[in-house]
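Chemist: Have a look at this one.
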Amino acid sequence: MDPGILALQYLLSGITKGSIYAVVAIGFNLIYSATGVLNFAQGEFVMLGGMTAVSLAVFLPLPVAVPASVVIVAFVGCLLEILLFRRLRHHSILHMIIITMGLSIVIQEAALHIWDEKVRSLPYFTGNEISSIRFMGAAVSPQVLWVLGAVSISVCLLHAFLKYTLRGRAMRACSSNPEAAMLAGINTSNMRTLSFGLSAGLGALAGCVISPITMTQYEVGAPLAIKGFAAAILGGLGNPMAAVLGGLLVGVLEAFSVSKLPAAYSDVTAFAVLVLVLFIRPHGLFGRPAGENVREC
Amino acid sequence: MNWKSVIPVAILLATIIAVQGVTHALDKDYYLTQLTMAVYYSMVVIALCLVMGYAGQVSLGHGAFFAVGGYTTAFLTTHSFSPYEGTVWAGWLKQAHVFILKDDLFGNPIMTVTPWAAFTVALALTALVACLIGYPALRLTGHYLAMATLGFGLIVYKIILGTSWLGAADGITNVPSWTLVKGLTVCGKRDARIENYYIACGLVLLLILLLRNLLRSRVGRALQAMHDRETAANTMGINTSAIKLKAFVLSAMVSAVAGVFFTHYTGGIGPSEAGALKSVRYVALTAAGGMTNLWSVAAVSTTINFLSLRDFFGSYDNAVFGGLLIIIISVSPEGPLKPLGHWIRRVSQGRAAAKGVDHGAA
Amino acid sequence: MALLDVQNVHRAFGGVVAVNRASFQVEPGKIKSIIGPNGAGKTTLFNIISGVLASESGRILFKGKNIRGRRPYRIAEAGISRTFQNPSLFLQMSVLENVMVGRHARSRCGFASCCLSWPWQRREERAIREAALAEMAFVGVEAEGHAPAGSLAFGRRRMIELARALATEPELLLLDEPASGLNTRETDDLGELIRRIRDRGITVLLVEHDMALVMDISDEILVLHNGAVLAEGAPAEVQNDPRVISVYLGEDFQHAAAG
């Protein structure tokens with residue numbers, strides 16, 4: 001195959017996977033900004049979205065099952081904030097990481113018991129697994145367009161929400177200065193719940209659109225969380241839009257590493273990115289040095 | 001040595017012997033197998049205490065050090081170095097008891113490394129890796145450090161999984177037994193069960209005693225000071241970066257020792273030992289035991305690991321660890337036994353408020 | 001030669017200049033006080049000298065060697081110790097253990113020796129303990145040895161922090177507002193204690209707001225205003241310096257000096 005087309009193929013595959021990482025990364029950032037918590041269970045929302053949609057699709061038409069699943073998982077996210085995270089507000093960041101890792105394990109186990117260990121997937125939204133569209137010489141599954149479309153539209157809507165609506169600006173206010181936000185009359189509790197709901201819903205949507213391509217299984221959440229976190233760190237923690245760039249970069253790097261390294265090592269790329277960014281430039285490409293690693297008086 | 005510090009040692013010794021006696025009496029000697037494995041796992045947890053409870057750093061990748069130790073010894077003692085047999089340096093190494101000739105599965109003689117030499121290499125390699133990772137990682141704080149160690153652990157895991165000469169997904173098996181000194185052999189043979197149980201327990205007891213000495217000394221105070229207020233500790237002359245790194249490397253080496261012994265005991269090792277799930281379990285158990293109390297950590301982690309190995313939790317095994325993490329850290333971050341200890345002390349002293357916080361800790 | 005020679009030290013946070021090209025010297029064996037209105041940059045200056053913050057320019061010569069840019073623990077080893085505005089005790093440890101931490105820079109046993117508890121390690125541990133007890137007695141807190149540091153009153157914590165700083169065997173001791181929160185009697189005792197510290201051969205540099213104490217014990221006074229050195233000299237000179245008077249509005253300053 002023409003090397004240029006091969007490269008394009010890798011690029012597209014990388015962007016596809018990368019957009020999922022981007023969504024997870026955005027979810028991380030939303031919750032981190034609003035609550036200061038690094039929610040390790042972020043990847044589980046993606047998993048839950050896909051699995052719920054698969055179950056719903058048994059008796060509901062696909063265009064209903066997917067939005068329904070998004071709503072349900074968003075609701076689960078809100079519940080988690082209200083029942084669990086709200087009570088744990090006084091804990092240190094370290095404690096919260098450990099707690100959310102525990103949460104991620106528990107959710108995985110719950111999923112295992114609800115759905116069993118079989119791999120599932122939603123049917124392709126349009127076409128099937130062998131249909132393909134020609135794009136500048138490369139063959140691309142129509143589902144890829146769904147993925148890119150769904151993620152881009154959600155990201156744009158989110159961006160518009162955060163920048164132009166009152167609620168969105170209130171959320172940004174909460175994240176930069178919670179006390180001032182409270183004094184200004186913003187209900188910071190609701191904002192936190194909202195951030196969880198949004199993250200969960202976004203994650204669920206991503207899980208639905210990617211499931212025909214990568215399959216869904218109770219275990220897919222954890223690696224996604226870590227790669228999504230790598231993306232968030234790369235973009236700069238606290239900056240949801242930079243997370244998109246981070247996600248795409250991680251995805252593309254991963255895709256091209258398959259061409260250089262033995263396939264078994266492809267996962268290592270994302271993890272290596274994570275570790276290297278943390279060592280060299282922890283505030284990522286667009287974050288501000290938070291002063292955390294600097295000696296303070 | 002005052003008698004107060006002898007009590008926990010005596011209790012632990014008594015428990016160790018009693019457990020062995022009871023299993024023998026009930027004719028359930030096979031329990032000792034999982035107990036021994038659980039004891040080796042709890043070495044990692046105790047080592048984590050040093051890092052998490054005292055130095056205040058979180059490491060979500062300690063399983064990787066256990067695996068580095070175990071895989072190094074497994075590879076060196078099973079891989080055939082026979083192609084080098086004719087060379088001069090191979091001859092020297094054979095004389096130095098580094099290389100040894102033994103029969104492989106099919107009865108053909110191959111040249112492998114002796115367990116003691118492999119052990120030394122494993123320790124050195126682990127120390128090197130821990131320094132390389134620790135030096136940049138320990139300059140990070142809080143969640144950044146946690147993620148860096150997690151990332152490191154995952155990289156090690158994936159590399160092991162993808163490397164054929166490390167056994168890939170199957171791991172390495174047929175690891176030979178290891179004769180420590182005449183009369184003490186680490187191996188999985190049935191009739192050596194009791195002996196190996198005591199080897200493991202002895203090792204853990206030694207570890208606890210050494211760490212206890214450390215924590216009561218100048219270094220221990222420095223660690224606690226650093227954990228409490230890093231800036232003030234620095235201005236009192238404590239090189240906090242160096243101490244964090246040393247504590248980290250020490251705990252990594254302890255984990256590697258556990259890994260080496262474990263591998264010779266069970267006769268093999270698999271990639272799951274390096275996985276994130278194992279590392280998170282270690283953290284869960286450190287938290288469950290109360291991050292600073294070595295005795296309770298040893299007891300809690302051995303018990304829970306034993307139950308887990310015996311499939312006591314069935315298909316909810318992971319959920320138990322996950323749940324442990326959530327509940328214990330939310331409710332009592334310093335471990336469930338600390339409030340219990342306070343209460344006992346209050347009752348036995350008959351006073352309203354417990355004074356002297358640190359008497360019960362190791 | 002001056003014990004401490006601060007040359008052209010400068011530090012800004014964003015747009016705010018905390019220390020503005022400050023230069024001054026501290027002679028050995030003297031007690032020097034730094035005064036100035038709140039926000040004048042005094043604690044920042046201490047943080048720079050002790051290595052907690054970096055200066056953007058200049059040099060800091062201690063016993064002739066430039067310590068600017070060194071990490072705090074190296075500066076402690078060199079012989080500079082300090083206390084903090086808010087007593088920074090290690091609350092999870094006992095009082096005695098806190099003071100023993102002060103001996104860290106003057107002791108040596110590392111991980112290996114401490115794990116194995118060799119005889120020389122035990123000897124060193126005893127020496128550390130004795131030195132710590134001695135400092136606690138000097139300062140007057142020897143009775144509270146085993147109490148958890150978090151259980152003590154503010155004034156006592158101050159004293160323990162002082163004992164801890166003394167345990168490092170400093171040649172220069174930086175005290176950050178040691179008299180704040182103390183009543184008149186306690187302040188007098190503090191003044192006496194600082195003199196005794198000076199008599200031991202330790203040079204003292206302190207930041208203070210309590211003018212009575214400052215005028216009473218200082219050999220020299222340095223006035224900081226908006227991060228810059230406004231005046232420096234013997235108490236009488238500084239007290240009569242018109243620039244200083246205008247900055248301080250005069251009354252409090254002259255009352256204390258006269259009283």
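We name chains A, B, ... following the order of the structure tokens; residues begin at 1 in each chain, and ligands are numbered from 1 as shown.
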Within 10 Å of chain C, which residues of chain B are there when counting only C-alpha atoms? Please give them as a PyMOL selection string.

Modeler: chain B and resi 207-222+224-240+243+246-247+250+355-358

Chemist: Taking the DSSP assignment computed from this structure's backbone, write out as a VMD selection string all residues of range 76-230 of chain A that belong to alpha helix (DSSP H).

Modeler: chain A and resid 76 to 83 93 to 115 142 to 164 166 to 176 178 to 183 188 to 214 221 to 230

Chemist: Dump C-alpha atoms for the selected residues as an mmCIF file, in the first residue's frame?

Modeler:
```cif
data_model
loop_
_atom_site.group_PDB
_atom_site.id
_atom_site.type_symbol
_atom_site.label_atom_id
_atom_site.label_comp_id
_atom_site.auth_asym_id
_atom_site.auth_seq_id
_atom_site.Cartn_x
_atom_site.Cartn_y
_atom_site.Cartn_z
ATOM 1 C CA VAL A 76 -25.627 7.735 37.665
ATOM 2 C CA GLY A 77 -22.862 10.335 37.625
ATOM 3 C CA CYS A 78 -25.045 12.810 39.464
ATOM 4 C CA LEU A 79 -26.010 10.161 41.989
ATOM 5 C CA LEU A 80 -22.374 9.362 42.631
ATOM 6 C CA GLU A 81 -21.673 12.981 43.400
ATOM 7 C CA ILE A 82 -24.648 13.349 45.696
ATOM 8 C CA LEU A 83 -24.270 10.072 47.558
ATOM 9 C CA ILE A 93 -6.390 14.750 46.831
ATOM 10 C CA LEU A 94 -4.438 11.624 47.605
ATOM 11 C CA HIS A 95 -7.305 10.050 49.463
ATOM 12 C CA MET A 96 -9.651 10.929 46.653
ATOM 13 C CA ILE A 97 -7.478 9.247 44.061
ATOM 14 C CA ILE A 98 -7.432 6.071 46.098
ATOM 15 C CA ILE A 99 -11.150 6.247 46.727
ATOM 16 C CA THR A 100 -11.965 6.755 43.070
ATOM 17 C CA MET A 101 -9.703 3.875 42.129
ATOM 18 C CA GLY A 102 -11.621 1.744 44.552
ATOM 19 C CA LEU A 103 -14.825 3.052 43.045
ATOM 20 C CA SER A 104 -13.653 2.153 39.571
ATOM 21 C CA ILE A 105 -12.946 -1.406 40.719
ATOM 22 C CA VAL A 106 -16.336 -1.700 42.385
ATOM 23 C CA ILE A 107 -18.131 -0.403 39.293
ATOM 24 C CA GLN A 108 -16.229 -2.891 37.159
ATOM 25 C CA GLU A 109 -17.233 -5.728 39.405
ATOM 26 C CA ALA A 110 -20.831 -4.549 39.404
ATOM 27 C CA ALA A 111 -20.749 -4.480 35.627
ATOM 28 C CA LEU A 112 -19.299 -7.968 35.609
ATOM 29 C CA HIS A 113 -22.153 -9.205 37.698
ATOM 30 C CA ILE A 114 -24.857 -7.373 35.820
ATOM 31 C CA TRP A 115 -23.654 -8.195 32.337
ATOM 32 C CA PRO A 142 -18.817 5.082 8.421
ATOM 33 C CA GLN A 143 -18.837 4.555 12.174
ATOM 34 C CA VAL A 144 -15.665 6.598 12.342
ATOM 35 C CA LEU A 145 -17.605 9.535 10.969
ATOM 36 C CA TRP A 146 -20.199 8.976 13.655
ATOM 37 C CA VAL A 147 -17.487 8.989 16.307
ATOM 38 C CA LEU A 148 -15.811 12.116 15.024
ATOM 39 C CA GLY A 149 -19.133 13.796 14.450
ATOM 40 C CA ALA A 150 -20.592 12.986 17.838
ATOM 41 C CA VAL A 151 -17.449 13.981 19.690
ATOM 42 C CA SER A 152 -16.924 17.225 17.753
ATOM 43 C CA ILE A 153 -20.494 18.305 18.182
ATOM 44 C CA SER A 154 -20.473 17.563 21.910
ATOM 45 C CA VAL A 155 -17.182 19.354 22.366
ATOM 46 C CA CYS A 156 -18.457 22.400 20.507
ATOM 47 C CA LEU A 157 -21.686 22.402 22.471
ATOM 48 C CA LEU A 158 -19.746 22.063 25.702
ATOM 49 C CA HIS A 159 -17.460 24.895 24.723
ATOM 50 C CA ALA A 160 -20.415 27.093 23.868
ATOM 51 C CA PHE A 161 -22.100 26.139 27.101
ATOM 52 C CA LEU A 162 -19.082 26.989 29.200
ATOM 53 C CA LYS A 163 -18.368 30.222 27.428
ATOM 54 C CA TYR A 164 -21.706 31.726 26.552
ATOM 55 C CA LEU A 166 -24.984 31.712 32.423
ATOM 56 C CA ARG A 167 -24.823 28.216 33.874
ATOM 57 C CA GLY A 168 -21.656 27.477 32.004
ATOM 58 C CA ARG A 169 -19.983 30.615 33.208
ATOM 59 C CA ALA A 170 -21.139 29.803 36.695
ATOM 60 C CA MET A 171 -19.340 26.485 36.425
ATOM 61 C CA ARG A 172 -16.161 28.182 35.367
ATOM 62 C CA ALA A 173 -16.518 30.604 38.235
ATOM 63 C CA CYS A 174 -16.830 27.738 40.679
ATOM 64 C CA SER A 175 -13.690 26.131 39.450
ATOM 65 C CA SER A 176 -11.510 29.185 39.585
ATOM 66 C CA PRO A 178 -15.334 28.555 44.828
ATOM 67 C CA GLU A 179 -15.662 30.968 47.727
ATOM 68 C CA ALA A 180 -16.225 33.955 45.524
ATOM 69 C CA ALA A 181 -18.678 31.960 43.450
ATOM 70 C CA MET A 182 -20.657 31.092 46.542
ATOM 71 C CA LEU A 183 -20.701 34.707 47.632
ATOM 72 C CA THR A 188 -21.668 25.413 44.081
ATOM 73 C CA SER A 189 -23.135 22.086 45.143
ATOM 74 C CA ASN A 190 -25.347 21.994 42.103
ATOM 75 C CA MET A 191 -22.456 22.974 39.926
ATOM 76 C CA ARG A 192 -20.476 20.035 41.208
ATOM 77 C CA THR A 193 -23.329 17.660 40.554
ATOM 78 C CA LEU A 194 -23.702 19.163 37.120
ATOM 79 C CA SER A 195 -20.038 18.604 36.365
ATOM 80 C CA PHE A 196 -20.363 14.953 37.280
ATOM 81 C CA GLY A 197 -23.500 14.596 35.200
ATOM 82 C CA LEU A 198 -21.909 16.228 32.174
ATOM 83 C CA SER A 199 -18.759 14.127 32.415
ATOM 84 C CA ALA A 200 -20.716 10.947 32.784
ATOM 85 C CA GLY A 201 -23.059 11.792 29.932
ATOM 86 C CA LEU A 202 -20.224 12.729 27.606
ATOM 87 C CA GLY A 203 -18.376 9.579 28.490
ATOM 88 C CA ALA A 204 -21.457 7.498 27.855
ATOM 89 C CA LEU A 205 -21.953 9.051 24.436
ATOM 90 C CA ALA A 206 -18.380 8.258 23.547
ATOM 91 C CA GLY A 207 -18.841 4.717 24.754
ATOM 92 C CA CYS A 208 -21.874 4.276 22.529
ATOM 93 C CA VAL A 209 -20.344 5.575 19.335
ATOM 94 C CA ILE A 210 -17.066 3.710 19.706
ATOM 95 C CA SER A 211 -18.550 0.391 20.751
ATOM 96 C CA PRO A 212 -19.181 -0.997 17.256
ATOM 97 C CA ILE A 213 -15.513 -0.432 16.445
ATOM 98 C CA THR A 214 -13.725 -1.488 19.618
ATOM 99 C CA GLY A 221 -12.953 1.335 31.578
ATOM 100 C CA ALA A 222 -9.612 1.193 33.346
ATOM 101 C CA PRO A 223 -7.193 1.491 30.418
ATOM 102 C CA LEU A 224 -9.392 4.250 28.989
ATOM 103 C CA ALA A 225 -9.197 6.140 32.266
ATOM 104 C CA ILE A 226 -5.430 6.000 32.259
ATOM 105 C CA LYS A 227 -5.054 6.994 28.633
ATOM 106 C CA GLY A 228 -7.657 9.699 29.101
ATOM 107 C CA PHE A 229 -5.704 10.925 32.054
ATOM 108 C CA ALA A 230 -2.527 10.948 29.975
#
```

Chemist: Could you tell me which of C:Asn240, C:Ser57, C:Asn8, C:Thr43 comes closest to chain A if we count only C-alpha atoms?

Modeler: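 Nearest candidate to chain A out of C:Asn240, C:Ser57, C:Asn8, C:Thr43: C:Thr43.
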
Chemist: So which one's closest to chain B, A:Ser92, A:Thr52, A:Ser19, A:Ser132? Using only C-alpha atoms, please.

Modeler: A:Ser92

Chemist: Select, as a list in words, those residues of chain B with any atom no more than 6 Å from chain A (distances computed using only C-alpha atoms).

Modeler: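 The selection requested is Pro136, Leu140, Gly142, His143, Ala148, Gly151, Ile155, Gly162, Ala319, Gly322, Leu325 and Ile326 of chain B.
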
Chemist: For a quick check of understanding, using only C-alpha atoms, which of B:Leu285, B:Val98, B:Ala298, B:Leu138 has the smallest distance to Pro115 in chain B?

Modeler: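 That would be B:Val98, the residue with the smallest distance to Pro115 in chain B.
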
Chemist: Could you go through range 145-244 of chain C and tell me which residues DSSP, when run on the backbone, assigns to strand (DSSP E or B), listing them as a list in words?

Modeler: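 Put together, the selection reads Pro148, Leu172, Leu173, Leu174, Leu175, Asp176, Thr203, Val204, Leu205, Leu206, Val207, Glu220, Ile221, Leu222, Val223, Leu224, His225, Ala228, Val229, Leu230, Ala231, Glu232 and Gly233 of chain C.
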
Chemist: With only C-alpha atoms as the counted atoms, please give the residues lying no more than 12 Å from range 90-93 of chain B, apart from itself and same-chain residues fewer than 3 positions off, as a ChimeraX atom specification.

Modeler: /B:81-87,96-101,111-114,117

Chemist: Go ahead and save the picked residues with N, CA and C atoms, as an mmCIF file, in the first residue's frame.

Modeler:
```cif
data_model
loop_
_atom_site.group_PDB
_atom_site.id
_atom_site.type_symbol
_atom_site.label_atom_id
_atom_site.label_comp_id
_atom_site.auth_asym_id
_atom_site.auth_seq_id
_atom_site.Cartn_x
_atom_site.Cartn_y
_atom_site.Cartn_z
ATOM 1 N N PHE B 81 22.163 -20.412 29.484
ATOM 2 C CA PHE B 81 23.307 -19.616 29.045
ATOM 3 C C PHE B 81 24.353 -20.481 28.399
ATOM 4 N N SER B 82 23.967 -21.732 28.101
ATOM 5 C CA SER B 82 24.919 -22.693 27.530
ATOM 6 C C SER B 82 25.678 -22.200 26.309
ATOM 7 N N PRO B 83 25.069 -21.403 25.447
ATOM 8 C CA PRO B 83 25.849 -20.904 24.308
ATOM 9 C C PRO B 83 27.152 -20.232 24.724
ATOM 10 N N TYR B 84 27.215 -19.724 25.961
ATOM 11 C CA TYR B 84 28.440 -19.040 26.392
ATOM 12 C C TYR B 84 29.370 -19.953 27.159
ATOM 13 N N GLU B 85 28.993 -21.259 27.205
ATOM 14 C CA GLU B 85 29.689 -22.132 28.138
ATOM 15 C C GLU B 85 31.183 -22.222 27.918
ATOM 16 N N GLY B 86 31.597 -22.092 26.672
ATOM 17 C CA GLY B 86 33.011 -22.279 26.416
ATOM 18 C C GLY B 86 33.881 -21.086 26.776
ATOM 19 N N THR B 87 33.278 -19.930 26.955
ATOM 20 C CA THR B 87 34.100 -18.721 27.103
ATOM 21 C C THR B 87 34.806 -18.668 28.453
ATOM 22 N N ALA B 96 32.890 -18.874 40.543
ATOM 23 C CA ALA B 96 32.383 -17.954 41.566
ATOM 24 C C ALA B 96 30.974 -18.318 42.001
ATOM 25 N N HIS B 97 30.516 -19.467 41.553
ATOM 26 C CA HIS B 97 29.170 -19.930 41.899
ATOM 27 C C HIS B 97 28.079 -19.012 41.368
ATOM 28 N N VAL B 98 28.378 -18.351 40.263
ATOM 29 C CA VAL B 98 27.319 -17.571 39.642
ATOM 30 C C VAL B 98 26.585 -18.443 38.639
ATOM 31 N N PHE B 99 27.379 -19.156 37.837
ATOM 32 C CA PHE B 99 26.753 -20.077 36.890
ATOM 33 C C PHE B 99 26.759 -21.477 37.461
ATOM 34 N N ILE B 100 25.807 -22.259 37.019
ATOM 35 C CA ILE B 100 25.755 -23.634 37.499
ATOM 36 C C ILE B 100 25.194 -24.505 36.387
ATOM 37 N N LEU B 101 25.636 -25.740 36.366
ATOM 38 C CA LEU B 101 25.108 -26.669 35.379
ATOM 39 C C LEU B 101 23.985 -27.461 36.001
ATOM 40 N N MET B 111 23.337 -24.434 31.315
ATOM 41 C CA MET B 111 24.015 -23.577 32.286
ATOM 42 C C MET B 111 23.104 -22.407 32.642
ATOM 43 N N THR B 112 22.787 -22.310 33.901
ATOM 44 C CA THR B 112 21.946 -21.188 34.347
ATOM 45 C C THR B 112 22.645 -20.493 35.506
ATOM 46 N N VAL B 113 22.012 -19.480 35.988
ATOM 47 C CA VAL B 113 22.572 -18.714 37.085
ATOM 48 C C VAL B 113 22.105 -19.320 38.405
ATOM 49 N N THR B 114 22.975 -19.277 39.398
ATOM 50 C CA THR B 114 22.565 -19.797 40.699
ATOM 51 C C THR B 114 21.582 -18.833 41.356
ATOM 52 N N ALA B 117 23.100 -15.784 43.137
ATOM 53 C CA ALA B 117 23.596 -14.764 42.216
ATOM 54 C C ALA B 117 22.429 -14.034 41.578
#
```

Chemist: How many Å separate CA of Glu169 in chain C from CA of Gln25 in chain C?

Modeler: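 Pair CA of Glu169 in chain C / CA of Gln25 in chain C returns 21.0 Å.
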